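Structure file structure.cif (mmCIF, C-alpha atoms) is printed below.
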data_upload
#
loop_
_atom_site.label_atom_id
_atom_site.label_comp_id
_atom_site.auth_asym_id
_atom_site.auth_seq_id
_atom_site.Cartn_x
_atom_site.Cartn_y
_atom_site.Cartn_z
CA MET A 1 64.11 -56.54 43.21
CA GLN A 2 60.51 -57.62 42.96
CA ASP A 3 59.53 -61.27 42.61
CA GLN A 4 58.02 -61.85 39.22
CA PRO A 5 55.41 -64.60 39.04
CA LYS A 6 56.83 -67.38 36.92
CA GLY A 7 55.14 -69.30 34.12
CA MET A 8 52.96 -68.28 31.21
CA GLU A 9 49.74 -69.00 33.07
CA ARG A 10 50.57 -66.67 35.92
CA ARG A 11 51.68 -63.98 33.53
CA MET A 12 48.28 -64.15 31.83
CA VAL A 13 46.50 -63.74 35.15
CA HIS A 14 48.90 -60.99 36.17
CA ARG A 15 48.49 -59.11 32.88
CA LEU A 16 44.71 -59.22 33.04
CA LEU A 17 44.78 -57.94 36.62
CA MET A 18 46.99 -55.07 35.41
CA HIS A 19 44.38 -54.19 32.78
CA TRP A 20 41.58 -54.49 35.34
CA ARG A 21 43.37 -52.12 37.72
CA GLY A 22 44.33 -49.82 34.85
CA ALA A 23 40.65 -49.39 33.98
CA GLN A 24 39.73 -48.43 37.55
CA HIS A 25 39.12 -44.73 38.07
CA THR A 26 39.35 -44.86 41.84
CA ASP A 27 38.65 -47.96 43.91
CA GLU A 28 35.46 -48.94 42.22
CA ILE A 29 34.89 -51.95 40.00
CA PRO A 30 35.83 -50.92 36.45
CA MET A 31 33.43 -50.94 33.50
CA LEU A 32 33.62 -53.91 31.18
CA ASP A 33 33.96 -51.69 28.11
CA ASP A 34 36.90 -49.87 29.69
CA VAL A 35 38.78 -53.15 30.08
CA LEU A 36 37.82 -54.66 26.72
CA SER A 37 38.76 -51.46 24.86
CA ARG A 38 42.33 -51.73 26.09
CA ASP A 39 45.03 -53.37 24.00
CA LEU A 40 44.71 -56.86 25.45
CA GLY A 41 46.81 -58.58 22.79
CA ASP A 42 46.78 -62.37 22.95
CA LEU A 43 44.84 -62.25 26.21
CA GLU A 44 41.64 -61.86 24.21
CA LYS A 45 41.81 -65.48 23.09
CA CYS A 46 41.68 -66.61 26.71
CA LEU A 47 38.88 -64.32 27.87
CA TYR A 48 35.23 -64.95 28.51
CA VAL A 49 32.44 -62.69 29.75
CA ILE A 50 29.51 -63.82 31.88
CA ASP A 51 26.33 -61.76 32.02
CA ILE A 52 24.93 -61.92 35.57
CA ARG A 53 22.02 -59.51 35.12
CA GLY A 54 19.41 -62.25 34.79
CA GLU A 55 18.36 -64.99 37.16
CA GLU A 56 20.80 -67.36 35.46
CA ALA A 57 24.33 -66.36 34.53
CA VAL A 58 24.94 -66.72 30.77
CA TYR A 59 27.99 -66.55 28.53
CA GLU A 60 28.13 -63.28 26.63
CA ARG A 61 31.49 -63.83 24.98
CA ILE A 62 34.04 -66.64 24.80
CA GLY A 63 37.60 -66.28 23.45
CA SER A 64 38.87 -68.41 20.58
CA ASN A 65 41.13 -70.58 22.76
CA LEU A 66 38.13 -71.55 24.88
CA LEU A 67 35.79 -71.87 21.92
CA ALA A 68 38.00 -74.62 20.59
CA ASP A 69 37.54 -76.55 23.82
CA GLY A 70 33.82 -77.10 23.49
CA GLY A 71 32.86 -73.48 24.20
CA LYS A 72 31.44 -72.64 20.77
CA ALA A 73 27.95 -73.87 21.55
CA LEU A 74 27.89 -72.11 24.91
CA ILE A 75 27.61 -68.44 23.86
CA GLY A 76 24.25 -67.23 25.12
CA GLU A 77 23.84 -70.39 27.16
CA MET A 78 23.69 -70.74 30.93
CA ILE A 79 27.00 -71.41 32.59
CA SER A 80 25.48 -74.35 34.42
CA ASP A 81 25.53 -76.09 31.01
CA THR A 82 29.34 -76.00 30.87
CA PRO A 83 30.88 -79.49 30.81
CA SER A 84 32.98 -79.79 33.96
CA SER A 85 35.78 -81.73 32.28
CA THR A 86 36.77 -78.78 30.06
CA LEU A 87 39.02 -75.79 30.81
CA LEU A 88 36.01 -73.47 30.87
CA GLY A 89 34.17 -75.82 33.19
CA GLN A 90 37.04 -75.68 35.68
CA ALA A 91 37.64 -71.95 35.26
CA ILE A 92 34.10 -70.90 36.14
CA LYS A 93 33.79 -73.08 39.26
CA TYR A 94 34.24 -70.19 41.70
CA TYR A 95 32.32 -67.45 39.87
CA SER A 96 29.74 -67.17 42.67
CA LYS A 97 32.51 -66.31 45.15
CA VAL A 98 33.55 -63.40 42.94
CA GLN A 99 29.93 -62.29 42.77
CA VAL A 100 29.72 -62.25 46.56
CA LYS A 101 33.15 -60.80 47.37
CA GLN A 102 33.23 -58.33 44.46
CA ILE A 103 36.98 -58.67 44.06
CA PRO A 104 39.20 -60.52 41.55
CA ILE A 105 40.03 -64.11 42.46
CA THR A 106 42.70 -66.25 40.82
CA LEU A 107 42.80 -70.02 40.97
CA GLY A 108 44.84 -72.78 39.42
CA GLY A 109 44.91 -76.53 39.52
CA GLU A 110 44.70 -79.67 37.47
CA PHE A 111 41.89 -81.79 36.13
CA ASN A 112 41.29 -84.75 33.86
CA HIS A 113 40.08 -83.51 30.49
CA GLU A 114 37.28 -85.35 28.70
CA ASN A 115 39.87 -86.37 26.09
CA GLY A 116 41.74 -88.31 28.78
CA SER A 117 44.71 -86.00 29.33
CA THR A 118 45.66 -84.34 32.61
CA ILE A 119 45.52 -80.57 32.30
CA LEU A 120 47.23 -77.89 34.41
CA TYR A 121 45.39 -74.59 34.32
CA ARG A 122 45.34 -71.09 35.76
CA SER A 123 42.35 -68.79 35.79
CA LEU A 124 41.04 -65.47 36.99
CA ILE A 125 37.55 -64.05 37.44
CA ALA A 126 37.01 -60.35 38.09
CA PRO A 127 33.79 -58.39 38.70
CA MET A 128 32.80 -55.76 36.12
CA ARG A 129 30.27 -52.94 35.97
CA ASP A 130 28.08 -51.76 33.11
CA LYS A 131 27.53 -48.13 32.06
CA ASP A 132 24.75 -47.73 34.62
CA GLY A 133 27.06 -48.70 37.44
CA GLY A 134 25.48 -52.07 38.18
CA ASP A 135 27.55 -55.17 38.87
CA SER A 136 26.48 -56.81 35.66
CA PHE A 137 29.32 -58.90 34.31
CA LEU A 138 32.16 -61.15 35.28
CA LEU A 139 35.31 -61.13 33.21
CA GLY A 140 37.20 -64.40 33.23
CA ALA A 141 40.38 -65.74 31.71
CA ALA A 142 41.91 -69.18 31.63
CA ASN A 143 44.73 -71.01 29.95
CA CYS A 144 46.26 -74.39 30.37
CA LYS A 145 48.84 -76.94 29.31
CA VAL A 146 48.90 -80.70 29.21
CA LYS A 147 50.72 -82.14 32.21
CA ASP A 148 53.86 -84.04 31.32
CA ALA A 149 53.53 -87.75 31.93
CA MET B 150 39.95 -53.24 52.39
CA LEU B 151 40.34 -56.57 50.66
CA ASP B 152 41.82 -56.17 47.19
CA SER B 153 42.04 -59.65 45.69
CA VAL B 154 42.37 -63.36 46.47
CA HIS B 155 45.04 -65.63 45.01
CA ASP B 156 45.89 -69.28 45.45
CA ASP B 157 49.56 -68.61 44.80
CA LYS B 158 51.85 -67.01 47.41
CA ASN B 159 54.27 -65.40 44.93
CA MET B 160 51.40 -63.99 42.93
CA ALA B 161 49.80 -62.51 46.05
CA ILE B 162 53.04 -60.90 47.25
CA HIS B 163 53.70 -59.58 43.77
CA GLN B 164 50.23 -58.03 43.65
CA GLY B 165 50.83 -56.50 47.08
CA ARG B 166 54.06 -54.93 45.89
CA MET B 167 52.31 -53.63 42.81
CA LEU B 168 49.67 -51.96 44.97
CA ILE B 169 52.13 -50.34 47.37
CA SER B 170 54.14 -48.98 44.46
CA SER B 171 51.08 -47.09 43.22
CA PRO B 172 50.44 -43.62 44.65
CA HIS B 173 46.98 -44.60 45.89
CA HIS B 174 47.98 -46.95 48.68
CA MET B 175 49.76 -46.23 51.94
CA ALA B 176 50.08 -49.78 53.26
CA ILE B 177 49.41 -53.37 52.26
CA ARG B 178 49.22 -56.73 53.97
CA VAL B 179 49.32 -60.14 52.35
CA ILE B 180 47.50 -62.66 54.52
CA GLN B 181 47.82 -66.40 54.02
CA GLU B 182 44.82 -68.44 55.05
CA THR B 183 45.25 -72.18 55.47
CA TYR B 184 42.22 -74.37 55.95
CA ASP B 185 42.57 -77.56 57.98
CA GLU B 186 39.81 -79.99 57.00
CA ALA B 187 40.46 -82.21 60.01
CA THR B 188 39.83 -79.47 62.57
CA ASP B 189 37.61 -77.23 60.39
CA ASN B 190 39.92 -74.36 61.38
CA THR B 191 41.45 -71.67 59.21
CA THR B 192 44.83 -70.27 60.20
CA SER B 193 45.65 -66.74 59.07
CA LYS B 194 49.19 -65.43 58.90
CA ILE B 195 50.58 -62.15 57.59
CA ILE B 196 53.25 -63.21 55.12
CA TYR B 197 54.09 -59.77 53.76
CA LYS B 198 53.52 -56.29 55.04
CA GLU B 199 54.69 -52.95 53.76
CA GLN B 200 53.91 -49.39 54.67
CA LYS B 201 55.15 -46.29 52.93
CA GLY B 202 57.81 -44.76 55.15
CA GLY B 203 56.87 -47.29 57.82
CA ASP B 204 58.46 -50.20 59.61
CA GLU B 205 58.01 -53.95 59.16
CA GLU B 206 56.13 -56.07 61.70
CA LYS B 207 56.69 -59.70 62.58
CA PRO B 208 54.09 -62.11 61.19
CA LYS B 209 51.08 -62.73 63.42
CA LYS B 210 48.99 -65.87 63.56
CA THR B 211 45.28 -66.01 64.23
CA THR B 212 42.88 -68.92 64.08
CA SER B 213 39.23 -68.87 63.08
CA LYS B 214 36.52 -71.33 62.09
CA LYS B 215 36.14 -69.88 58.61
CA LYS B 216 36.56 -71.99 55.48
CA GLY B 217 38.62 -70.95 52.46
CA PRO B 218 42.33 -71.61 51.87
CA SER B 219 43.66 -68.57 50.07
CA THR B 220 46.10 -65.70 50.09
CA LYS B 221 44.62 -62.26 50.19
CA VAL B 222 45.98 -58.82 49.52
CA LYS B 223 44.56 -56.21 51.82
CA ARG B 224 45.14 -52.56 51.22
CA LYS B 225 44.88 -49.54 53.46
CA LYS B 226 44.23 -46.20 51.92
CA ARG B 227 45.05 -43.78 54.71
CA LYS B 228 47.56 -43.54 57.48
CA LYS B 229 45.76 -43.74 60.78
CA GLY B 230 47.11 -42.00 63.86
CA ASN B 231 48.25 -38.73 62.24
CA THR B 232 45.00 -36.96 63.14
CA SER B 233 45.01 -38.20 66.74
CA LYS B 234 48.67 -37.24 67.09
CA SER B 235 47.95 -33.74 65.79
CA LEU B 236 44.98 -33.47 68.15
CA LEU B 237 47.13 -34.59 71.08
CA VAL B 238 49.74 -31.92 70.33
CA LEU B 239 46.98 -29.35 70.01
CA VAL B 240 45.41 -30.35 73.33
CA LEU B 241 48.79 -30.26 75.08
CA SER B 242 49.53 -26.82 73.65
CA MET B 243 46.14 -25.50 74.66
CA GLY B 244 46.69 -26.92 78.16
CA GLY B 245 50.03 -25.12 78.46
CA ILE B 246 48.51 -21.78 77.46
CA GLY B 247 45.63 -22.26 79.88
CA LEU B 248 47.99 -22.99 82.80
CA GLY B 249 50.05 -19.88 81.94
CA LEU B 250 46.93 -17.72 81.90
CA LEU B 251 45.80 -19.13 85.26
CA ALA B 252 49.23 -18.40 86.80
CA LEU B 253 49.15 -14.82 85.41
CA LEU B 254 45.64 -14.33 86.79
CA GLY B 255 46.78 -15.61 90.19
CA LEU B 256 49.72 -13.19 90.18
CA LEU B 257 47.48 -10.27 89.28
CA ILE B 258 45.00 -11.16 92.02
CA ALA B 259 47.81 -11.50 94.58
CA LYS B 260 49.36 -8.18 93.58
CA PHE B 261 46.27 -6.01 93.29
CA GLY B 262 44.03 -7.77 95.77
#
Mind converting the file's structure to structure tokens?
Amino acid sequence: MQDQPKGMERRMVHRLLMHWRGAQHTDEIPMLDDVLSRDLGDLEKCLYVIDIRGEEAVYERIGSNLLADGGKALIGEMISDTPSSTLLGQAIKYYSKVQVKQIPITLGGEFNHENGSTILYRSLIAPMRDKDGGDSFLLGAANCKVKDA
Amino acid sequence: MLDSVHDDKNMAIHQGRMLISSPHHMAIRVIQETYDEATDNTTSKIIYKEQKGGDEEKPKKTTSKKKGPSTKVKRKKRKKGNTSKSLLVLVLSMGGIGLGLLALLGLLIAKFG
């Protein structure tokens, strides 16, 4: 019997990786549209898309769960403007590694939120192509829970 | 070929098993990298390995000066060694035929001068 990753956070990461692999035609990085057109269910609330075509990476899309955590004003903005003490700020920390390695990376941890609580989070960032075949986007996902005192 | 990087051992092994269960992959390795800040060394260890129709190997340890504590899933697409094995059999067969022909030629020369 296979080990199933335990916990909601890991399931989210696992499910998004399944969609990412499902959108691959062979071994190549899948197209963003091919992933986003899949039935992602409640994953969509946890997703964000970073456009890396310009000199500065900018947010193209931010899911509702992340919008609520100070992300609303960040759509179209540079990711360097993300407050570090938010879930999004923690989740994008390693985006440059994904850009270099061109493979999905998952990471979890804890941080002190700007509201004073300690947050446990899990996140994933995966490289994505556009229709022209360029490595143009990064697809990310993150969710969290407040750590019990 | 490196497939993905995870900070969670169970997640990495699970992903490895997912890959090997697909028809596209012949073998996978899950490698755990542990970074020691004090020595600036990274220790790599194979924590899971599976090959279709193959045998398991004992974990190996290697040490390098590379940073980055993580668990990686590596995948191999093709079985290596089949081609060389086939070539070896072919060469041996060709050698056998050649020796037979030489012996026949020697016999003919001996018999008919």
Evaluate the PyMOL selection byres ((chain B) within 9 of (chain A)) and report residues as a list in words: Leu151, Asp152, Ser153, Val154, His155, Asp156, Asp157, Asn159, Met160, Ile162, His163, Gln164, Arg166 and His173 of chain B
Tell me which protein, DNA and RNA residues are within 8 Å of Glu56 in chain A, counting all atoms listed in the file, leaving out same-chain ones fewer than 2 positions away, and put them as a PDB file with C-alpha atoms, in the frame of the given file.
ATOM      1  CA  ILE A  52      24.930 -61.920  35.570  1.00  0.00           C
ATOM      2  CA  ARG A  53      22.020 -59.510  35.120  1.00  0.00           C
ATOM      3  CA  GLY A  54      19.410 -62.250  34.790  1.00  0.00           C
ATOM      4  CA  VAL A  58      24.940 -66.720  30.770  1.00  0.00           C
ATOM      5  CA  MET A  78      23.690 -70.740  30.930  1.00  0.00           C
ATOM      6  CA  ILE A  79      27.000 -71.410  32.590  1.00  0.00           C
TER       7      ILE A  79
END
10 Å contact set for Met31 in chain A, only C-alpha atoms, chain neighbours under 4 positions out, as number ranges by chain: A: 20, 23-25, 35-36, 127-137
Selection from above, C-alpha atoms, as a PDB file, keeping the file's coordinate frame, can you write it?
ATOM      1  CA  TRP A  20      41.580 -54.490  35.340  1.00  0.00           C
ATOM      2  CA  ALA A  23      40.650 -49.390  33.980  1.00  0.00           C
ATOM      3  CA  GLN A  24      39.730 -48.430  37.550  1.00  0.00           C
ATOM      4  CA  HIS A  25      39.120 -44.730  38.070  1.00  0.00           C
ATOM      5  CA  VAL A  35      38.780 -53.150  30.080  1.00  0.00           C
ATOM      6  CA  LEU A  36      37.820 -54.660  26.720  1.00  0.00           C
ATOM      7  CA  PRO A 127      33.790 -58.390  38.700  1.00  0.00           C
ATOM      8  CA  MET A 128      32.800 -55.760  36.120  1.00  0.00           C
ATOM      9  CA  ARG A 129      30.270 -52.940  35.970  1.00  0.00           C
ATOM     10  CA  ASP A 130      28.080 -51.760  33.110  1.00  0.00           C
ATOM     11  CA  LYS A 131      27.530 -48.130  32.060  1.00  0.00           C
ATOM     12  CA  ASP A 132      24.750 -47.730  34.620  1.00  0.00           C
ATOM     13  CA  GLY A 133      27.060 -48.700  37.440  1.00  0.00           C
ATOM     14  CA  GLY A 134      25.480 -52.070  38.180  1.00  0.00           C
ATOM     15  CA  ASP A 135      27.550 -55.170  38.870  1.00  0.00           C
ATOM     16  CA  SER A 136      26.480 -56.810  35.660  1.00  0.00           C
ATOM     17  CA  PHE A 137      29.320 -58.900  34.310  1.00  0.00           C
TER      18      PHE A 137
END
Centre, x/y/z edge lengths, axis-aligned box for range 163-179 of chain B with 3 Å per side, as JSON:
{"center_x": 50.6, "center_y": -51.9, "center_z": 48.4, "size_x": 13.2, "size_y": 22.5, "size_z": 17.2}
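For the choices B:Thr192, B:Thr220, B:Gln200, B:Gln181, the atom-to-atom distance to Ile169 in chain B is smallest for B:Gln200 when using all atoms listed in the file.
Of note, CA of Lys145 in chain A and CA of Asn112 in chain A are spaced 11.8 Å apart.
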Expansion of the PyMOL selection byres ((chain A and resi 115) around 12) into residues, as an MDAnalysis selection string: chainID A and resid 69:70 85:87 111:114 116:119 146
Using all atoms listed in the file: which of B:Thr188, B:Gly255, B:Lys260, B:Glu199 has the shortest distance to Ala176 in chain B: B:Glu199
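Here CA of Met150 in chain B is placed at a distance of 10.9 Å from CA of His174 in chain B.
The spacing separating CA of Leu40 in chain A from CA of Thr82 in chain A amounts to 25.1 Å.
Residue nearest Pro30 in chain A, chosen from A:Ala68, A:Leu43, A:Leu139, A:Ile92 and counting all atoms listed in the file: A:Leu139.
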Taking the partial coordinates given, rebuild range 57-92 of chain A to contain N, CA and C atoms; return it as an mmCIF file, in the frame of the given file.
data_model
loop_
_atom_site.group_PDB
_atom_site.id
_atom_site.type_symbol
_atom_site.label_atom_id
_atom_site.label_comp_id
_atom_site.auth_asym_id
_atom_site.auth_seq_id
_atom_site.Cartn_x
_atom_site.Cartn_y
_atom_site.Cartn_z
ATOM 1 N N ALA A 57 23.161 -66.934 35.189
ATOM 2 C CA ALA A 57 24.330 -66.360 34.530
ATOM 3 C C ALA A 57 24.521 -67.020 33.163
ATOM 4 N N VAL A 58 24.765 -66.183 32.128
ATOM 5 C CA VAL A 58 24.940 -66.720 30.770
ATOM 6 C C VAL A 58 26.234 -66.195 30.163
ATOM 7 N N TYR A 59 26.783 -66.968 29.239
ATOM 8 C CA TYR A 59 27.990 -66.550 28.530
ATOM 9 C C TYR A 59 27.637 -65.473 27.520
ATOM 10 N N GLU A 60 28.343 -64.357 27.607
ATOM 11 C CA GLU A 60 28.130 -63.280 26.630
ATOM 12 C C GLU A 60 29.194 -63.358 25.547
ATOM 13 N N ARG A 61 30.369 -63.825 25.922
ATOM 14 C CA ARG A 61 31.490 -63.830 24.980
ATOM 15 C C ARG A 61 32.470 -64.906 25.425
ATOM 16 N N ILE A 62 33.046 -65.608 24.472
ATOM 17 C CA ILE A 62 34.040 -66.640 24.800
ATOM 18 C C ILE A 62 35.199 -66.529 23.803
ATOM 19 N N GLY A 63 36.413 -66.430 24.292
ATOM 20 C CA GLY A 63 37.600 -66.280 23.450
ATOM 21 C C GLY A 63 37.889 -67.530 22.630
ATOM 22 N N SER A 64 38.669 -67.325 21.560
ATOM 23 C CA SER A 64 38.870 -68.410 20.580
ATOM 24 C C SER A 64 39.549 -69.636 21.189
ATOM 25 N N ASN A 65 40.462 -69.427 22.137
ATOM 26 C CA ASN A 65 41.130 -70.580 22.760
ATOM 27 C C ASN A 65 40.133 -71.463 23.515
ATOM 28 N N LEU A 66 39.129 -70.811 24.101
ATOM 29 C CA LEU A 66 38.130 -71.550 24.880
ATOM 30 C C LEU A 66 37.022 -72.086 23.984
ATOM 31 N N LEU A 67 36.795 -71.386 22.877
ATOM 32 C CA LEU A 67 35.790 -71.870 21.920
ATOM 33 C C LEU A 67 36.192 -73.240 21.377
ATOM 34 N N ALA A 68 37.496 -73.364 21.157
ATOM 35 C CA ALA A 68 38.000 -74.620 20.590
ATOM 36 C C ALA A 68 37.806 -75.789 21.542
ATOM 37 N N ASP A 69 37.684 -75.481 22.825
ATOM 38 C CA ASP A 69 37.540 -76.550 23.820
ATOM 39 C C ASP A 69 36.074 -76.721 24.212
ATOM 40 N N GLY A 70 35.232 -76.831 23.234
ATOM 41 C CA GLY A 70 33.820 -77.100 23.490
ATOM 42 C C GLY A 70 32.999 -75.898 23.894
ATOM 43 N N GLY A 71 33.572 -74.673 23.753
ATOM 44 C CA GLY A 71 32.860 -73.480 24.200
ATOM 45 C C GLY A 71 31.967 -72.854 23.134
ATOM 46 N N LYS A 72 32.135 -73.299 21.876
ATOM 47 C CA LYS A 72 31.440 -72.640 20.770
ATOM 48 C C LYS A 72 29.923 -72.651 20.955
ATOM 49 N N ALA A 73 29.410 -73.749 21.417
ATOM 50 C CA ALA A 73 27.950 -73.870 21.550
ATOM 51 C C ALA A 73 27.429 -73.210 22.817
ATOM 52 N N LEU A 74 28.324 -72.616 23.606
ATOM 53 C CA LEU A 74 27.890 -72.110 24.910
ATOM 54 C C LEU A 74 27.559 -70.613 24.926
ATOM 55 N N ILE A 75 27.895 -69.881 23.868
ATOM 56 C CA ILE A 75 27.610 -68.440 23.860
ATOM 57 C C ILE A 75 26.094 -68.239 23.924
ATOM 58 N N GLY A 76 25.674 -67.453 24.897
ATOM 59 C CA GLY A 76 24.250 -67.230 25.120
ATOM 60 C C GLY A 76 23.598 -68.291 25.992
ATOM 61 N N GLU A 77 24.379 -69.297 26.332
ATOM 62 C CA GLU A 77 23.840 -70.390 27.160
ATOM 63 C C GLU A 77 24.172 -70.165 28.637
ATOM 64 N N MET A 78 23.449 -70.852 29.493
ATOM 65 C CA MET A 78 23.690 -70.740 30.930
ATOM 66 C C MET A 78 25.021 -71.412 31.290
ATOM 67 N N ILE A 79 25.699 -70.832 32.267
ATOM 68 C CA ILE A 79 27.000 -71.410 32.590
ATOM 69 C C ILE A 79 26.868 -72.757 33.301
ATOM 70 N N SER A 80 25.688 -73.039 33.802
ATOM 71 C CA SER A 80 25.480 -74.350 34.420
ATOM 72 C C SER A 80 25.520 -75.470 33.375
ATOM 73 N N ASP A 81 25.452 -75.093 32.079
ATOM 74 C CA ASP A 81 25.530 -76.090 31.010
ATOM 75 C C ASP A 81 26.960 -76.443 30.614
ATOM 76 N N THR A 82 27.943 -75.783 31.252
ATOM 77 C CA THR A 82 29.340 -76.000 30.870
ATOM 78 C C THR A 82 29.810 -77.394 31.309
ATOM 79 N N PRO A 83 30.350 -78.176 30.396
ATOM 80 C CA PRO A 83 30.880 -79.490 30.810
ATOM 81 C C PRO A 83 32.027 -79.315 31.807
ATOM 82 N N SER A 84 31.992 -80.012 32.908
ATOM 83 C CA SER A 84 32.980 -79.790 33.960
ATOM 84 C C SER A 84 34.375 -80.275 33.584
ATOM 85 N N SER A 85 34.465 -81.196 32.628
ATOM 86 C CA SER A 85 35.780 -81.730 32.280
ATOM 87 C C SER A 85 36.423 -80.958 31.126
ATOM 88 N N THR A 86 36.105 -79.658 31.023
ATOM 89 C CA THR A 86 36.770 -78.780 30.060
ATOM 90 C C THR A 86 37.437 -77.643 30.831
ATOM 91 N N LEU A 87 38.329 -76.911 30.159
ATOM 92 C CA LEU A 87 39.020 -75.790 30.810
ATOM 93 C C LEU A 87 38.003 -74.758 31.304
ATOM 94 N N LEU A 88 37.024 -74.447 30.472
ATOM 95 C CA LEU A 88 36.010 -73.470 30.870
ATOM 96 C C LEU A 88 35.213 -73.965 32.079
ATOM 97 N N GLY A 89 34.915 -75.232 32.077
ATOM 98 C CA GLY A 89 34.170 -75.820 33.190
ATOM 99 C C GLY A 89 34.908 -75.699 34.509
ATOM 100 N N GLN A 90 36.231 -75.828 34.472
ATOM 101 C CA GLN A 90 37.040 -75.680 35.680
ATOM 102 C C GLN A 90 37.195 -74.205 36.057
ATOM 103 N N ALA A 91 37.346 -73.373 35.017
ATOM 104 C CA ALA A 91 37.640 -71.950 35.260
ATOM 105 C C ALA A 91 36.473 -71.188 35.869
ATOM 106 N N ILE A 92 35.252 -71.654 35.639
ATOM 107 C CA ILE A 92 34.100 -70.900 36.140
ATOM 108 C C ILE A 92 33.594 -71.422 37.497
#
